>>> print(open('final-v1.pdb').read())   # PDB, C-alpha atoms
ATOM      1  CA  MET W  25      18.025  34.269 -23.643
ATOM      2  CA  GLY W  26      19.468  35.544 -20.410
ATOM      3  CA  PHE W  27      16.080  36.625 -19.042
ATOM      4  CA  GLY W  28      15.323  33.681 -16.756
ATOM      5  CA  LEU W  29      17.563  34.463 -13.800
ATOM      6  CA  PRO W  30      16.634  38.165 -13.609
ATOM      7  CA  ALA W  31      12.970  37.098 -13.760
ATOM      8  CA  ALA W  32      13.552  34.561 -10.961
ATOM      9  CA  ILE W  33      15.208  37.288  -8.885
ATOM     10  CA  GLY W  34      12.171  39.494  -9.491
ATOM     11  CA  ALA W  35       9.854  36.675  -8.427
ATOM     12  CA  GLN W  36      11.886  36.157  -5.235
ATOM     13  CA  VAL W  37      11.736  39.881  -4.440
ATOM     14  CA  ALA W  38       7.977  39.927  -5.026
ATOM     15  CA  LYS W  39       7.396  36.761  -2.977
ATOM     16  CA  PRO W  40      10.323  36.437  -0.553
ATOM     17  CA  ASN W  41       8.891  33.363   1.194
ATOM     18  CA  ALA W  42       8.050  31.492  -2.010
ATOM     19  CA  VAL W  43      10.136  28.668  -3.435
ATOM     20  CA  VAL W  44      11.441  29.972  -6.744
ATOM     21  CA  ILE W  45      12.715  27.362  -9.191
ATOM     22  CA  TYR W  46      14.397  28.665 -12.317
ATOM     23  CA  ILE W  47      14.923  26.171 -15.179
ATOM     24  CA  ASP W  48      17.084  27.288 -18.065
ATOM     25  CA  GLY W  49      19.557  26.234 -20.698
ATOM     26  CA  ASP W  50      23.308  26.506 -20.465
ATOM     27  CA  VAL W  51      23.746  29.327 -22.962
ATOM     28  CA  SER W  52      21.062  31.453 -21.349
ATOM     29  CA  LEU W  53      22.643  30.930 -17.932
ATOM     30  CA  CYS W  54      26.024  32.018 -19.331
ATOM     31  CA  MET W  55      24.369  35.303 -20.288
ATOM     32  CA  SER W  56      23.360  36.018 -16.697
ATOM     33  CA  LEU W  57      26.385  35.091 -14.577
ATOM     34  CA  HIS W  58      26.603  38.662 -13.262
ATOM     35  CA  GLU W  59      23.063  38.327 -11.951
ATOM     36  CA  MET W  60      24.142  35.074 -10.292
ATOM     37  CA  CYS W  61      26.792  37.025  -8.349
ATOM     38  CA  PHE W  62      24.097  39.483  -7.271
ATOM     39  CA  ALA W  63      21.745  36.686  -6.185
ATOM     40  CA  ALA W  64      24.551  35.145  -4.129
ATOM     41  CA  GLU W  65      25.448  38.478  -2.542
ATOM     42  CA  ILE W  66      21.828  39.166  -1.527
ATOM     43  CA  LYS W  67      21.480  35.534  -0.365
ATOM     44  CA  PHE W  68      18.390  34.737  -2.383
ATOM     45  CA  LYS W  69      17.206  31.140  -2.073
ATOM     46  CA  ILE W  70      16.456  30.571  -5.755
ATOM     47  CA  LYS W  71      16.871  27.033  -7.063
ATOM     48  CA  ILE W  72      18.562  26.982 -10.462
ATOM     49  CA  LEU W  73      18.266  23.925 -12.699
ATOM     50  CA  VAL W  74      20.446  24.278 -15.776
ATOM     51  CA  LEU W  75      20.115  21.900 -18.728
ATOM     52  CA  ASN W  76      23.556  21.646 -20.284
ATOM     53  CA  ASN W  77      23.835  20.374 -23.837
ATOM     54  CA  ALA W  78      26.760  22.647 -24.847
ATOM     55  CA  ASP W  79      24.667  24.080 -27.641
ATOM     56  CA  GLN W  80      22.448  26.994 -28.547
ATOM     57  CA  GLY W  81      19.657  24.548 -29.326
ATOM     58  CA  MET W  82      17.090  26.934 -30.720
ATOM     59  CA  VAL W  83      19.634  28.681 -32.947
ATOM     60  CA  THR W  84      20.969  25.327 -34.133
ATOM     61  CA  GLN W  85      17.443  24.328 -35.131
ATOM     62  CA  TRP W  86      16.994  27.566 -37.051
ATOM     63  CA  GLN W  87      20.168  26.832 -38.949
ATOM     64  CA  ALA W  88      19.078  23.230 -39.622
ATOM     65  CA  LEU W  89      15.596  24.162 -40.793
ATOM     66  CA  ASN W  90      16.240  27.418 -42.621
ATOM     67  CA  TYR W  91      19.919  27.468 -43.622
ATOM     68  CA  ASP W  92      20.596  23.977 -44.962
ATOM     69  CA  LYS W  93      22.423  22.932 -41.759
ATOM     70  CA  ARG W  94      25.120  25.580 -42.192
ATOM     71  CA  TYR W  95      25.925  25.853 -38.508
ATOM     72  CA  SER W  96      27.659  28.976 -37.303
ATOM     73  CA  HIS W  97      28.705  29.586 -33.696
ATOM     74  CA  THR W  98      25.973  27.500 -32.068
ATOM     75  CA  HIS W  99      28.077  24.827 -30.372
ATOM     76  CA  GLN W 100      30.098  25.959 -27.412
ATOM     77  CA  ARG W 101      32.354  24.840 -24.625
ATOM     78  CA  ASN W 102      30.706  25.845 -21.374
ATOM     79  CA  PRO W 103      32.482  26.607 -18.147
ATOM     80  CA  ASP W 104      32.248  24.078 -15.355
ATOM     81  CA  PHE W 105      29.093  25.563 -13.835
ATOM     82  CA  VAL W 106      29.556  23.750 -10.515
ATOM     83  CA  LYS W 107      33.046  25.238 -10.068
ATOM     84  CA  VAL W 108      31.970  28.698 -11.225
ATOM     85  CA  VAL W 109      29.089  29.000  -8.782
ATOM     86  CA  ASP W 110      31.122  27.386  -5.997
ATOM     87  CA  GLY W 111      33.432  30.369  -6.379
ATOM     88  CA  MET W 112      30.404  32.576  -5.728
ATOM     89  CA  GLY W 113      29.498  30.678  -2.569
ATOM     90  CA  ILE W 114      26.539  28.913  -4.188
ATOM     91  CA  GLU W 115      25.730  25.282  -3.406
ATOM     92  CA  ALA W 116      25.932  23.175  -6.561
ATOM     93  CA  GLN W 117      25.797  19.615  -7.822
ATOM     94  CA  ARG W 118      25.877  17.954 -11.229
ATOM     95  CA  LEU W 119      23.632  15.188 -12.496
ATOM     96  CA  ASP W 120      25.556  13.067 -14.999
ATOM     97  CA  VAL W 121      23.882   9.692 -14.490
ATOM     98  CA  ALA W 122      20.110   9.237 -14.741
ATOM     99  CA  SER W 123      20.141   6.712 -11.901
ATOM    100  CA  ASP W 124      21.142   9.505  -9.490
ATOM    101  CA  ILE W 125      18.131  11.660 -10.341
ATOM    102  CA  THR W 126      16.115  10.952  -7.174
ATOM    103  CA  ASP W 127      18.964  11.827  -4.803
ATOM    104  CA  GLN W 128      19.934  14.903  -6.788
ATOM    105  CA  LEU W 129      16.366  16.240  -6.993
ATOM    106  CA  GLU W 130      15.814  15.633  -3.282
ATOM    107  CA  TRP W 131      18.962  17.640  -2.509
ATOM    108  CA  PHE W 132      17.849  20.371  -4.924
ATOM    109  CA  ILE W 133      14.349  20.739  -3.463
ATOM    110  CA  ARG W 134      15.485  20.540   0.172
ATOM    111  CA  SER W 135      18.308  23.059  -0.183
ATOM    112  CA  GLU W 136      17.754  26.079   2.045
ATOM    113  CA  ALA W 137      20.133  28.339   0.108
ATOM    114  CA  LEU W 138      20.733  29.565  -3.411
ATOM    115  CA  SER W 139      21.537  26.346  -5.243
ATOM    116  CA  LEU W 140      22.283  25.067  -8.715
ATOM    117  CA  LEU W 141      21.740  21.630 -10.203
ATOM    118  CA  GLU W 142      23.455  21.140 -13.543
ATOM    119  CA  VAL W 143      21.886  18.391 -15.644
ATOM    120  CA  LYS W 144      23.908  17.064 -18.555
ATOM    121  CA  VAL W 145      21.591  16.334 -21.488
ATOM    122  CA  ASP W 146      22.054  14.867 -24.945
ATOM    123  CA  GLU W 147      23.722  17.314 -27.326
ATOM    124  CA  LYS W 148      21.501  16.180 -30.163
ATOM    125  CA  MET W 149      18.176  16.648 -28.381
ATOM    126  CA  PRO W 150      16.011  19.089 -30.366
ATOM    127  CA  GLU W 151      13.882  21.840 -28.851
ATOM    128  CA  LEU W 152      10.310  20.574 -29.049
ATOM    129  CA  PRO W 153       7.514  21.385 -29.608
ATOM    130  CA  TRP W 154       8.468  23.874 -32.287
ATOM    131  CA  VAL W 155       6.356  26.295 -34.306
ATOM    132  CA  THR W 156       8.201  27.899 -37.176
ATOM    133  CA  PRO W 157       7.381  31.626 -37.509
ATOM    134  CA  GLY W 158       4.762  32.235 -40.142
ATOM    135  CA  LYS W 159       3.259  28.783 -39.635
ATOM    136  CA  ALA W 160      -0.035  27.968 -37.965
ATOM    137  CA  LEU W 161      -0.280  26.115 -34.666
ATOM    138  CA  ASP W 162      -1.653  23.060 -36.475
ATOM    139  CA  GLU W 163       1.723  22.859 -38.273
ATOM    140  CA  ILE W 164       3.601  22.354 -35.012
ATOM    141  CA  ILE W 165       6.715  20.173 -35.163
ATOM    142  CA  MET W 166       6.565  17.417 -32.562
ATOM    143  CA  SER W 167       9.138  14.902 -33.803
ATOM    144  CA  PRO W 168      12.936  15.180 -34.006
ATOM    145  CA  SER W 169      12.784  13.580 -37.458
ATOM    146  CA  GLN W 170      10.882  16.641 -38.721
ATOM    147  CA  ILE W 171      13.858  18.854 -37.821
ATOM    148  CA  GLY W 172      16.803  16.693 -38.812
ATOM    149  CA  THR W 173      19.329  18.409 -36.561
ATOM    150  CA  SER W 174      22.614  16.614 -36.804
ATOM    151  CA  LYS W 175      24.945  18.743 -34.723
ATOM    152  CA  LYS W 176      28.218  16.980 -35.414
TER     153      LYS W 176
END
>>> encode(input="final-v1.pdb", output="structure tokens")
Amino acid sequence: MGFGLPAAIGAQVAKPNAVVIYIDGDVSLCMSLHEMCFAAEIKFKIKILVLNNADQGMVTQWQALNYDKRYSHTHQRNPDFVKVVDGMGIEAQRLDVASDITDQLEWFIRSEALSLLEVKVDEKMPELPWVTPGKALDEIIMSPSQIGTSKK
């Protein structure tokens, strides 16, 4: 976690004329806010799509699958990403309603500057597909019912 934005910056440096779209989760983005300041200062044109479920989804799944749902420090209150990046001079919008997806994605793709689109997603949505370490690829978990993550 926290690697996506630095990698996107590296991609933009390597290919300055390319459209770089960085898709990440909320917790990972929180780990790279300093890099966001740098990207804004250098005026990179990276497009950041953050999926916000206010949860460390992968860690929550580990705790559900391996620790009898004893959750510890996996649910969090995120900052208002739109306000935070606005303070950095970054264009930002939030997608709260699925019916707005076309307009929001058009804005996101057409933006000529560093931009962020925050997408609110279901807090209970598991990370899939999932391969538990030590298991073979034919034992892949494809269904939420196989995980049983109740986060409340």
>>> atom_distance(input="final-v1.pdb", atom1="atom CA of W:Arg118", atom2="atom CA of W:Ile72")
11.6 Å
>>> residues_around(input="final-v1.pdb", residues="W:Leu138", least_positions_apart="5", cutoff="9 Å", atoms="only C-alpha atoms", output="count of residues only")
12
>>> atom_distance(input="final-v1.pdb", atom1="atom CA of W:Leu119", atom2="atom CA of W:Phe132")
10.8 Å
>>> closest_residue(input="final-v1.pdb", among="W:Asp120, W:Asp92, W:Glu59, W:Asp104", to="W:Ile33", atoms="only C-alpha atoms")
W:Glu59
>>> closest_residue(input="final-v1.pdb", among="W:Gly28, W:Gly34, W:Pro40, W:Pro150", to="W:Asn77", atoms="only C-alpha atoms")
W:Pro150
>>> closest_residue(input="final-v1.pdb", among="W:Gln36, W:Thr98, W:Met25, W:Pro103", to="W:Asp48", atoms="only C-alpha atoms")
W:Met25
>>> atom_distance(input="final-v1.pdb", atom1="atom CA of W:Asp124", atom2="atom CA of W:Leu141")
12.2 Å
>>> resolve_selection(input="final-v1.pdb", expression="the PyMOL selection byres ((chain W and resi 156-160) around 12)", output="list of chain:residue names")
W:Met82, W:Gln85, W:Trp86, W:Leu89, W:Asn90, W:Glu151, W:Leu152, W:Pro153, W:Trp154, W:Val155, W:Leu161, W:Asp162, W:Glu163, W:Ile164, W:Ile165, W:Met166, W:Gln170, W:Ile171
>>> closest_residue(input="final-v1.pdb", among="W:Leu29, W:Ile66, W:Glu147, W:Leu57", to="W:Gln100", atoms="all atoms listed in the file")
W:Glu147
>>> axis_aligned_box(input="final-v1.pdb", around="stretch 104-120 of chain W", padding_each_side="3 Å", output="AutoDock Vina command-line options")
--center_x 28.5 --center_y 22.8 --center_z -9.0 --size_x 15.8 --size_y 25.5 --size_z 18.8
>>> closest_residue(input="final-v1.pdb", among="W:Leu129, W:Val37, W:Ala78, W:Val106", to="W:Ser52", atoms="only C-alpha atoms")
W:Ala78
>>> build_atoms(input="final-v1.pdb", residues="stretch 142-157 of chain W", atoms="N, CA, C and O atoms", output="PDB file, keeping the file's coordinate frame")
ATOM      1  N   GLU W 142      23.141  21.228 -12.125  1.00  0.00           N
ATOM      2  CA  GLU W 142      23.455  21.140 -13.543  1.00  0.00           C
ATOM      3  C   GLU W 142      23.092  19.743 -14.022  1.00  0.00           C
ATOM      4  O   GLU W 142      23.531  18.754 -13.445  1.00  0.00           O
ATOM      5  N   VAL W 143      22.300  19.673 -15.078  1.00  0.00           N
ATOM      6  CA  VAL W 143      21.886  18.391 -15.644  1.00  0.00           C
ATOM      7  C   VAL W 143      22.461  18.288 -17.047  1.00  0.00           C
ATOM      8  O   VAL W 143      22.156  19.097 -17.922  1.00  0.00           O
ATOM      9  N   LYS W 144      23.336  17.307 -17.229  1.00  0.00           N
ATOM     10  CA  LYS W 144      23.908  17.064 -18.555  1.00  0.00           C
ATOM     11  C   LYS W 144      22.844  16.366 -19.407  1.00  0.00           C
ATOM     12  O   LYS W 144      22.274  15.366 -18.989  1.00  0.00           O
ATOM     13  N   VAL W 145      22.585  16.912 -20.590  1.00  0.00           N
ATOM     14  CA  VAL W 145      21.591  16.334 -21.488  1.00  0.00           C
ATOM     15  C   VAL W 145      22.227  16.071 -22.845  1.00  0.00           C
ATOM     16  O   VAL W 145      23.283  16.616 -23.175  1.00  0.00           O
ATOM     17  N   ASP W 146      21.560  15.259 -23.628  1.00  0.00           N
ATOM     18  CA  ASP W 146      22.054  14.867 -24.945  1.00  0.00           C
ATOM     19  C   ASP W 146      22.260  16.092 -25.831  1.00  0.00           C
ATOM     20  O   ASP W 146      21.360  16.922 -25.974  1.00  0.00           O
ATOM     21  N   GLU W 147      23.414  16.187 -26.438  1.00  0.00           N
ATOM     22  CA  GLU W 147      23.722  17.314 -27.326  1.00  0.00           C
ATOM     23  C   GLU W 147      22.835  17.340 -28.558  1.00  0.00           C
ATOM     24  O   GLU W 147      22.669  18.384 -29.172  1.00  0.00           O
ATOM     25  N   LYS W 148      22.286  16.231 -28.939  1.00  0.00           N
ATOM     26  CA  LYS W 148      21.501  16.180 -30.163  1.00  0.00           C
ATOM     27  C   LYS W 148      20.001  16.270 -29.917  1.00  0.00           C
ATOM     28  O   LYS W 148      19.210  16.061 -30.822  1.00  0.00           O
ATOM     29  N   MET W 149      19.588  16.584 -28.711  1.00  0.00           N
ATOM     30  CA  MET W 149      18.176  16.648 -28.381  1.00  0.00           C
ATOM     31  C   MET W 149      17.573  17.951 -28.914  1.00  0.00           C
ATOM     32  O   MET W 149      18.005  19.037 -28.534  1.00  0.00           O
ATOM     33  N   PRO W 150      16.601  17.861 -29.811  1.00  0.00           N
ATOM     34  CA  PRO W 150      16.011  19.089 -30.366  1.00  0.00           C
ATOM     35  C   PRO W 150      15.073  19.779 -29.375  1.00  0.00           C
ATOM     36  O   PRO W 150      14.605  19.183 -28.412  1.00  0.00           O
ATOM     37  N   GLU W 151      14.819  21.042 -29.639  1.00  0.00           N
ATOM     38  CA  GLU W 151      13.882  21.840 -28.851  1.00  0.00           C
ATOM     39  C   GLU W 151      12.484  21.571 -29.400  1.00  0.00           C
ATOM     40  O   GLU W 151      12.175  21.948 -30.522  1.00  0.00           O
ATOM     41  N   LEU W 152      11.665  20.915 -28.613  1.00  0.00           N
ATOM     42  CA  LEU W 152      10.310  20.574 -29.049  1.00  0.00           C
ATOM     43  C   LEU W 152       9.309  20.894 -27.947  1.00  0.00           C
ATOM     44  O   LEU W 152       9.659  20.835 -26.775  1.00  0.00           O
ATOM     45  N   PRO W 153       8.069  21.184 -28.265  1.00  0.00           N
ATOM     46  CA  PRO W 153       7.514  21.385 -29.608  1.00  0.00           C
ATOM     47  C   PRO W 153       8.033  22.678 -30.232  1.00  0.00           C
ATOM     48  O   PRO W 153       8.511  23.559 -29.543  1.00  0.00           O
ATOM     49  N   TRP W 154       7.890  22.765 -31.532  1.00  0.00           N
ATOM     50  CA  TRP W 154       8.468  23.874 -32.287  1.00  0.00           C
ATOM     51  C   TRP W 154       7.445  24.377 -33.295  1.00  0.00           C
ATOM     52  O   TRP W 154       6.892  23.605 -34.064  1.00  0.00           O
ATOM     53  N   VAL W 155       7.203  25.673 -33.294  1.00  0.00           N
ATOM     54  CA  VAL W 155       6.356  26.295 -34.306  1.00  0.00           C
ATOM     55  C   VAL W 155       7.223  27.273 -35.072  1.00  0.00           C
ATOM     56  O   VAL W 155       7.756  28.227 -34.498  1.00  0.00           O
ATOM     57  N   THR W 156       7.401  27.019 -36.340  1.00  0.00           N
ATOM     58  CA  THR W 156       8.201  27.899 -37.176  1.00  0.00           C
ATOM     59  C   THR W 156       7.431  29.194 -37.401  1.00  0.00           C
ATOM     60  O   THR W 156       6.227  29.147 -37.698  1.00  0.00           O
ATOM     61  N   PRO W 157       8.079  30.359 -37.259  1.00  0.00           N
ATOM     62  CA  PRO W 157       7.381  31.626 -37.509  1.00  0.00           C
ATOM     63  C   PRO W 157       6.720  31.635 -38.880  1.00  0.00           C
ATOM     64  O   PRO W 157       7.269  31.127 -39.855  1.00  0.00           O
TER      65      PRO W 157
END
